[in-house]
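**Student:** This one is work.txt, compact mmCIF, C-alpha atoms.
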```txt
# COMPACT_ATOMS: atom_id res chain seq x y z
CA MET Y 18 -32.10 13.78 8.01
CA GLU Y 19 -29.64 16.01 9.79
CA ILE Y 20 -27.16 17.49 7.31
CA ARG Y 21 -25.07 20.07 9.17
CA LYS Y 22 -23.67 17.79 11.88
CA PRO Y 23 -22.40 14.91 9.72
CA LEU Y 24 -20.98 17.41 7.24
CA LYS Y 25 -19.09 19.18 10.01
CA ARG Y 26 -17.87 15.92 11.57
CA GLY Y 27 -16.74 14.61 8.17
CA LEU Y 28 -14.80 17.80 7.45
CA ILE Y 29 -13.11 17.75 10.85
CA ASN Y 30 -12.20 14.06 10.52
CA GLY Y 31 -10.87 14.53 6.98
CA LEU Y 32 -8.73 17.48 8.00
CA SER Y 33 -7.34 15.74 11.06
CA ILE Y 34 -6.52 12.57 9.09
CA THR Y 35 -4.77 14.66 6.43
CA PHE Y 36 -2.83 16.66 9.02
CA MET Y 37 -1.74 13.48 10.77
CA MET Y 38 -0.55 11.90 7.49
CA VAL Y 39 1.33 15.06 6.47
CA LYS Y 40 3.47 14.75 9.58
CA VAL Y 41 4.48 11.26 8.40
CA ILE Y 42 4.76 12.11 4.70
CA VAL Y 43 7.17 15.06 4.81
CA PRO Y 44 10.07 13.26 6.55
CA CYS Y 45 9.53 10.27 4.20
CA TYR Y 46 9.92 12.40 1.09
CA ILE Y 47 13.11 13.87 2.52
CA ALA Y 48 14.41 10.33 3.16
CA ILE Y 49 13.46 9.35 -0.41
CA GLU Y 50 15.39 12.30 -1.83
CA ILE Y 51 18.44 11.32 0.21
CA ILE Y 52 18.20 7.69 -0.98
CA LYS Y 53 17.86 8.84 -4.61
CA HIS Y 54 21.05 10.90 -4.41
CA SER Y 55 23.10 8.56 -2.24
CA GLY Y 56 23.84 5.91 -4.88
CA LEU Y 57 22.31 3.30 -2.55
CA ILE Y 58 19.94 2.06 -5.26
CA ASP Y 59 22.81 1.45 -7.68
CA ILE Y 60 24.82 -0.43 -5.08
CA ILE Y 61 21.95 -2.71 -4.06
CA SER Y 62 20.72 -3.35 -7.59
CA ARG Y 63 24.22 -4.23 -8.78
CA ALA Y 64 24.48 -6.77 -5.96
CA CYS Y 65 21.08 -8.25 -6.94
CA ARG Y 66 21.78 -8.55 -10.69
CA PRO Y 67 23.10 -12.14 -10.62
CA PHE Y 68 19.96 -13.35 -8.82
CA MET Y 69 17.43 -11.98 -11.29
CA SER Y 70 17.40 -15.25 -13.22
CA ILE Y 71 15.39 -16.93 -10.42
CA PHE Y 72 12.52 -14.67 -11.56
CA GLY Y 73 13.37 -15.27 -15.21
CA LEU Y 74 14.39 -11.62 -15.52
CA PRO Y 75 17.47 -10.03 -17.11
CA GLY Y 76 20.00 -8.52 -14.70
CA GLU Y 77 19.02 -4.97 -15.71
CA ALA Y 78 15.59 -5.47 -14.16
CA ALA Y 79 17.18 -5.39 -10.69
CA LEU Y 80 17.40 -1.60 -10.88
CA SER Y 81 13.66 -1.35 -11.46
CA LEU Y 82 12.83 -3.65 -8.53
CA VAL Y 83 15.14 -1.87 -6.09
CA ALA Y 84 13.92 1.58 -7.22
CA GLY Y 85 10.31 0.39 -6.76
CA TYR Y 86 11.01 -1.05 -3.32
CA LEU Y 87 12.84 2.02 -2.02
CA ILE Y 88 11.29 4.94 -3.95
CA ASN Y 89 7.97 4.22 -5.67
CA MET Y 90 6.27 2.55 -8.63
CA TYR Y 91 6.82 5.52 -10.92
CA ALA Y 92 10.57 5.41 -10.41
CA ALA Y 93 10.45 1.67 -11.17
CA ILE Y 94 8.43 2.22 -14.36
CA ALA Y 95 10.81 4.94 -15.51
CA VAL Y 96 13.79 2.57 -15.49
CA LEU Y 97 11.81 -0.50 -16.62
CA THR Y 98 10.21 0.95 -19.76
CA PRO Y 99 13.46 1.50 -21.72
CA LEU Y 100 14.35 -2.21 -21.29
CA GLY Y 101 11.43 -3.20 -23.56
CA LEU Y 102 10.87 -6.51 -21.80
CA PRO Y 103 8.28 -9.10 -22.98
CA ALA Y 104 4.81 -9.24 -21.39
CA LYS Y 105 5.73 -12.10 -19.09
CA ASP Y 106 8.70 -10.26 -17.59
CA VAL Y 107 6.75 -7.03 -17.15
CA THR Y 108 3.97 -8.99 -15.41
CA VAL Y 109 6.46 -10.63 -13.04
CA VAL Y 110 7.92 -7.21 -12.13
CA ALA Y 111 4.40 -5.73 -11.81
CA LEU Y 112 3.32 -8.47 -9.39
CA MET Y 113 6.50 -8.31 -7.32
CA LEU Y 114 6.30 -4.53 -7.07
CA GLY Y 115 2.53 -4.55 -6.58
CA ILE Y 116 3.01 -6.56 -3.40
CA CYS Y 117 6.05 -4.64 -2.22
CA HIS Y 118 6.82 -1.01 -3.10
CA SER Y 119 7.42 2.49 -1.71
CA LEU Y 120 8.73 0.95 1.50
CA THR Y 121 10.37 4.22 2.59
CA MET Y 122 6.91 5.81 2.68
CA GLU Y 123 4.55 2.95 3.43
CA THR Y 124 6.40 1.39 6.36
CA PRO Y 125 6.29 4.57 8.51
CA ILE Y 126 2.64 5.00 7.49
CA THR Y 127 1.92 1.43 8.61
CA LYS Y 128 3.72 2.10 11.86
CA LYS Y 129 1.50 5.13 12.45
CA THR Y 130 -1.51 2.83 12.84
CA GLY Y 131 0.22 1.00 15.70
CA ALA Y 132 0.49 -2.29 13.78
CA HIS Y 133 3.66 -4.38 13.81
CA ALA Y 134 5.26 -2.54 10.89
CA SER Y 135 8.59 -4.39 10.77
CA LEU Y 136 6.82 -7.77 10.64
CA LEU Y 137 4.61 -6.51 7.81
CA LEU Y 138 7.71 -5.23 6.03
CA LEU Y 139 9.28 -8.69 6.16
CA VAL Y 140 6.03 -10.30 4.99
CA ARG Y 141 5.87 -7.95 2.01
CA ILE Y 142 9.46 -8.58 0.92
CA ALA Y 143 9.11 -12.35 1.35
CA LEU Y 144 5.79 -12.51 -0.52
CA SER Y 145 7.15 -10.32 -3.29
CA LEU Y 146 10.15 -12.60 -3.91
CA PHE Y 147 8.00 -15.73 -3.52
CA SER Y 148 5.36 -14.52 -5.98
CA GLY Y 149 8.04 -13.59 -8.51
CA VAL Y 150 9.53 -17.09 -8.44
CA VAL Y 151 6.13 -18.81 -8.58
CA LEU Y 152 4.79 -16.68 -11.43
CA HIS Y 153 7.99 -17.27 -13.41
CA LEU Y 154 7.66 -21.04 -12.95
CA LEU Y 155 3.92 -21.13 -13.73
CA TRP Y 156 4.11 -18.95 -16.85
CA LYS Y 157 5.37 -21.27 -19.53
CA MET F 25 18.76 22.58 -1.45
CA GLU F 26 17.19 21.10 -4.54
CA MET F 27 16.56 17.91 -2.60
CA ILE F 28 14.58 19.75 0.06
CA LEU F 29 12.57 21.63 -2.57
CA ASN F 30 11.77 18.34 -4.34
CA ALA F 31 10.71 16.77 -1.06
CA LEU F 32 8.50 19.73 -0.21
CA ARG F 33 6.94 19.79 -3.66
CA ASP F 34 6.15 16.07 -3.52
CA SER F 35 4.78 16.42 0.01
CA LEU F 36 2.55 19.32 -0.97
CA TRP F 37 1.23 17.41 -3.97
CA LEU F 38 0.40 14.32 -1.92
CA THR F 39 -1.21 16.48 0.76
CA LEU F 40 -3.48 18.08 -1.85
CA LYS F 41 -4.38 14.64 -3.20
CA LEU F 42 -5.08 13.43 0.33
CA LEU F 43 -7.39 16.37 1.02
CA LEU F 44 -9.23 15.95 -2.28
CA ILE F 45 -9.79 12.24 -1.67
CA ILE F 46 -10.12 12.01 2.11
CA LEU F 47 -12.59 14.87 2.62
CA PRO F 48 -15.36 13.51 0.35
CA LEU F 49 -14.79 10.07 1.92
CA THR F 50 -14.99 11.16 5.55
CA ILE F 51 -18.03 13.31 4.81
CA SER F 52 -19.85 10.46 3.05
CA TYR F 53 -18.90 8.07 5.88
CA GLU F 54 -20.58 10.40 8.36
CA PHE F 55 -23.78 10.39 6.30
CA LEU F 56 -23.70 6.61 5.93
CA LYS F 57 -23.09 6.33 9.67
CA GLU F 58 -26.17 8.47 10.34
CA ARG F 59 -28.10 5.68 8.65
CA GLY F 60 -26.52 3.10 10.95
CA LEU F 61 -24.58 1.32 8.26
CA PHE F 62 -21.51 0.52 10.31
CA SER F 63 -23.01 -0.82 13.51
CA GLY F 64 -22.56 -4.46 14.48
CA THR F 65 -19.34 -6.27 15.29
CA LYS F 66 -19.92 -9.73 13.84
CA PRO F 67 -16.79 -10.98 12.08
CA PHE F 68 -17.03 -10.34 8.40
CA PHE F 69 -16.96 -13.62 6.54
CA PHE F 70 -13.81 -15.40 7.58
CA MET F 71 -10.96 -13.03 8.11
CA GLY F 72 -11.69 -11.65 11.56
CA ILE F 73 -12.59 -8.25 10.20
CA THR F 74 -15.63 -6.45 11.66
CA ARG F 75 -18.01 -4.19 9.79
CA PRO F 76 -16.36 -0.94 10.92
CA GLY F 77 -13.07 -2.55 9.84
CA LEU F 78 -14.38 -2.92 6.30
CA LEU F 79 -14.25 0.84 5.94
CA PRO F 80 -10.45 1.22 5.98
CA LEU F 81 -10.08 -2.14 4.19
CA ILE F 82 -12.15 -1.14 1.17
CA THR F 83 -10.70 2.38 1.15
CA GLY F 84 -7.17 0.96 1.07
CA VAL F 85 -7.83 -1.76 -1.49
CA ILE F 86 -9.31 0.72 -3.92
CA ILE F 87 -7.36 3.96 -3.47
CA GLY F 88 -4.22 3.08 -1.52
CA LEU F 89 -2.46 2.32 1.72
CA THR F 90 -1.86 5.96 2.68
CA TYR F 91 -5.58 6.69 2.55
CA GLY F 92 -6.53 3.37 4.13
CA ALA F 93 -4.08 3.91 6.99
CA GLY F 94 -5.50 7.37 7.65
CA VAL F 95 -9.00 5.94 7.89
CA ILE F 96 -7.69 3.11 10.13
CA VAL F 97 -6.19 5.56 12.64
CA HIS F 98 -9.52 7.35 12.70
CA SER F 99 -11.52 4.12 13.02
CA ILE F 100 -9.35 2.94 15.93
CA LYS F 101 -10.56 5.92 17.93
CA GLU F 102 -14.12 5.90 16.63
CA TYR F 103 -14.97 2.19 16.76
CA ASN F 104 -12.30 0.81 19.12
CA LEU F 105 -10.83 -1.49 16.48
CA GLY F 106 -8.61 -3.97 18.35
CA LYS F 107 -4.88 -4.35 17.83
CA ARG F 108 -5.42 -7.73 16.23
CA GLU F 109 -7.98 -6.49 13.74
CA VAL F 110 -5.77 -3.51 12.85
CA PHE F 111 -2.97 -5.95 12.11
CA LEU F 112 -5.20 -8.14 9.95
CA ILE F 113 -6.46 -5.15 7.97
CA LEU F 114 -2.93 -3.90 7.43
CA LEU F 115 -1.68 -7.35 6.47
CA PHE F 116 -4.38 -7.53 3.80
CA LEU F 117 -3.64 -3.99 2.65
CA SER F 118 0.15 -4.44 2.64
CA VAL F 119 -0.21 -7.11 -0.03
CA CYS F 120 -3.20 -5.69 -1.84
CA HIS F 121 -3.88 -1.96 -2.07
CA ALA F 122 -4.49 0.65 -4.76
CA ILE F 123 -5.30 -2.23 -7.10
CA PHE F 124 -6.38 0.02 -9.95
CA GLU F 125 -3.57 2.57 -9.96
CA ASP F 126 -0.77 0.11 -9.19
CA THR F 127 -1.94 -2.31 -11.86
CA LEU F 128 -2.80 0.10 -14.65
CA ILE F 129 0.59 1.82 -14.70
CA PHE F 130 2.13 -1.56 -15.53
CA VAL F 131 -0.59 -2.58 -17.98
CA VAL F 132 0.39 0.51 -19.96
CA ILE F 133 3.84 -1.00 -20.56
CA GLY F 134 2.57 -4.50 -21.33
CA ALA F 135 1.81 -6.35 -18.08
CA ASN F 136 -1.13 -8.72 -17.75
CA GLY F 137 -3.28 -6.79 -15.26
CA LEU F 138 -5.64 -9.66 -14.46
CA VAL F 139 -2.78 -11.90 -13.32
CA VAL F 140 -1.45 -9.14 -11.04
CA VAL F 141 -4.81 -8.29 -9.46
CA VAL F 142 -5.94 -11.89 -8.95
CA ALA F 143 -2.58 -12.99 -7.53
CA ARG F 144 -2.49 -10.08 -5.07
CA LEU F 145 -6.09 -10.68 -3.95
CA ILE F 146 -5.51 -14.41 -3.44
CA LEU F 147 -2.28 -13.87 -1.49
CA ALA F 148 -3.91 -11.17 0.67
CA VAL F 149 -6.96 -13.33 1.47
CA VAL F 150 -4.90 -16.48 2.17
CA PHE F 151 -2.35 -14.78 4.43
CA THR F 152 -4.91 -12.67 6.30
CA TYR F 153 -6.92 -15.84 6.90
CA LEU F 154 -3.83 -17.72 8.11
CA ALA F 155 -2.91 -14.88 10.50
CA TYR F 156 -6.50 -14.83 11.75
CA ARG F 157 -6.51 -18.59 12.37
CA ALA F 158 -3.05 -18.46 13.92
CA ARG F 159 -4.55 -16.06 16.47
CA LEU F 160 -1.68 -13.59 16.26
CA PHE F 161 -1.88 -10.87 18.92
CA GLU F 162 -4.99 -12.35 20.48
CA THR F 163 -5.68 -10.94 23.93
```
Do you think you could lay out the structure here as structure tokens?
**Tutor:**
Amino acid sequence: MEIRKPLKRGLINGLSITFMMVKVIVPCYIAIEIIKHSGLIDIISRACRPFMSIFGLPGEAALSLVAGYLINMYAAIAVLTPLGLPAKDVTVVALMLGICHSLTMETPITKKTGAHASLLLLVRIALSLFSGVVLHLLWK
Amino acid sequence: MEMILNALRDSLWLTLKLLLIILPLTISYEFLKERGLFSGTKPFFFMGITRPGLLPLITGVIIGLTYGAGVIVHSIKEYNLGKREVFLILLFLSVCHAIFEDTLIFVVIGANGLVVVVARLILAVVFTYLAYRARLFET
């Protein structure tokens, strides 16, 4: 079996994929930093607090959801852990954020593939909210 | 200033991770391709995804959307994946990707990982199937 050629092709492909993604990633991280420092997350999560009960969650959990949506899962975990919520609540948040997270980064990445990124964004948000409500109702 | 430094540090870190993960993948794909593993365009079970399309799908489900998307862009050129199939793959991946990493970080703080993984898989399969049957973007 030929070894040199596939090795070379694999290396070239890997490098070109990485280079292409870097061009998307860097502006996203800058946007994330701006969002983190703008107070946007606080504003949105405060507005969402009263609606957390439809997922059976305390109002404080809104901050974790919004941070997960806009920044990433690690930011969400960092603000969720101190709340010390029961297993059911943590599972609801985990499912909602599993379906929909890091939108600042993942939406531009999705767009890079040429797919309908804004439609997929809406699908993710809708499914995230839907799954949160359903899991809350099912878990008795 | 600190913001820019943070952004650059995070970017550099993700780039290194990308290189470490993508390079072994693309190299092994080339060897598997030498053996003719990805030829054939029959739809894979019922979601309108072809065999070359499985490559980015599995990559994304296991290690994450960023990696999956990179492989998709490559596969579009290499195997002429259609717009519709790209959408279906990304729909599946949007709902269900990085199932190990995303789940485990919540299991650590008390979540039921099985519920999260099974729910995401079911939702991804159901909605990808519906989009496939609805013939979105069919040309």
**Student:** Restrict the distance test to only C-alpha atoms, flag each residue of chain F within 6 Å of chain Y, and return the flagged residues as number ranges by chain.
**Tutor:** F: 27, 31, 35, 46-47, 50-51, 54-55, 94, 97, 111, 119, 134-136, 140
**Student:** What's around Y:Ile71 at 10 Å? Count all atoms listed in the file, leave out sequence neighbours fewer than 6 positions away in its own chain, and write the answer as an MDAnalysis selection string.
**Tutor:** chainID Y and resid 146 149:151 153:154
**Student:** Using the selection just defined, write its residues with C-alpha atoms as an mmCIF file, keeping the file's coordinate frame.
**Tutor:**
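Saved result, result_4.cif, follows:
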```
data_model
loop_
_atom_site.group_PDB
_atom_site.id
_atom_site.type_symbol
_atom_site.label_atom_id
_atom_site.label_comp_id
_atom_site.auth_asym_id
_atom_site.auth_seq_id
_atom_site.Cartn_x
_atom_site.Cartn_y
_atom_site.Cartn_z
ATOM 1 C CA LEU Y 146 10.150 -12.600 -3.910
ATOM 2 C CA GLY Y 149 8.040 -13.590 -8.510
ATOM 3 C CA VAL Y 150 9.530 -17.090 -8.440
ATOM 4 C CA VAL Y 151 6.130 -18.810 -8.580
ATOM 5 C CA HIS Y 153 7.990 -17.270 -13.410
ATOM 6 C CA LEU Y 154 7.660 -21.040 -12.950
#
```
**Student:** Measure the distance from atom CA of F:Leu89 to atom CA of Y:Cys65 in Å and round it to one decimal.
**Tutor:** 27.2 Å
**Student:** Hey, can you check how far atom CA of F:Ser118 sits from atom CA of F:Leu147?
**Tutor:**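 Atom-to-atom, atom CA of F:Ser118 and atom CA of F:Leu147 are spaced 10.6 Å apart.
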**Student:** Between atom CA of F:Val85 and atom CA of F:Ile123, what distance in Å does the model show, to one decimal?
**Tutor:**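 The value is 6.2 Å.
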**Student:** With all atoms listed in the file as the counted atoms, please give the residues lying no more than 10 Å from Y:Ala64, apart from itself and same-chain residues fewer than 6 positions off, as JSON, numbers by chain.
**Tutor:** {"Y": [58, 76, 79]}
**Student:** Which neighbours of F:Ala158 fall inside 12 Å, counting only C-alpha atoms, when residues of the same chain fewer than 6 positions from it are skipped, and could you give them as a PyMOL selection string?
**Tutor:** chain F and resi 71-72+108+112+151-152
**Student:** Produce the centre coordinates and the three edge lengths, each in Å to one decimal, of the box along x, y and z that contains all listed atoms of stretch 146-157 of chain F with 8 Å added on each side, as lines of an AutoDock Vina configuration file.
**Tutor:**
```
center_x = -4.6
center_y = -14.9
center_z = 4.5
size_x = 20.7
size_y = 23.4
size_z = 31.8
```
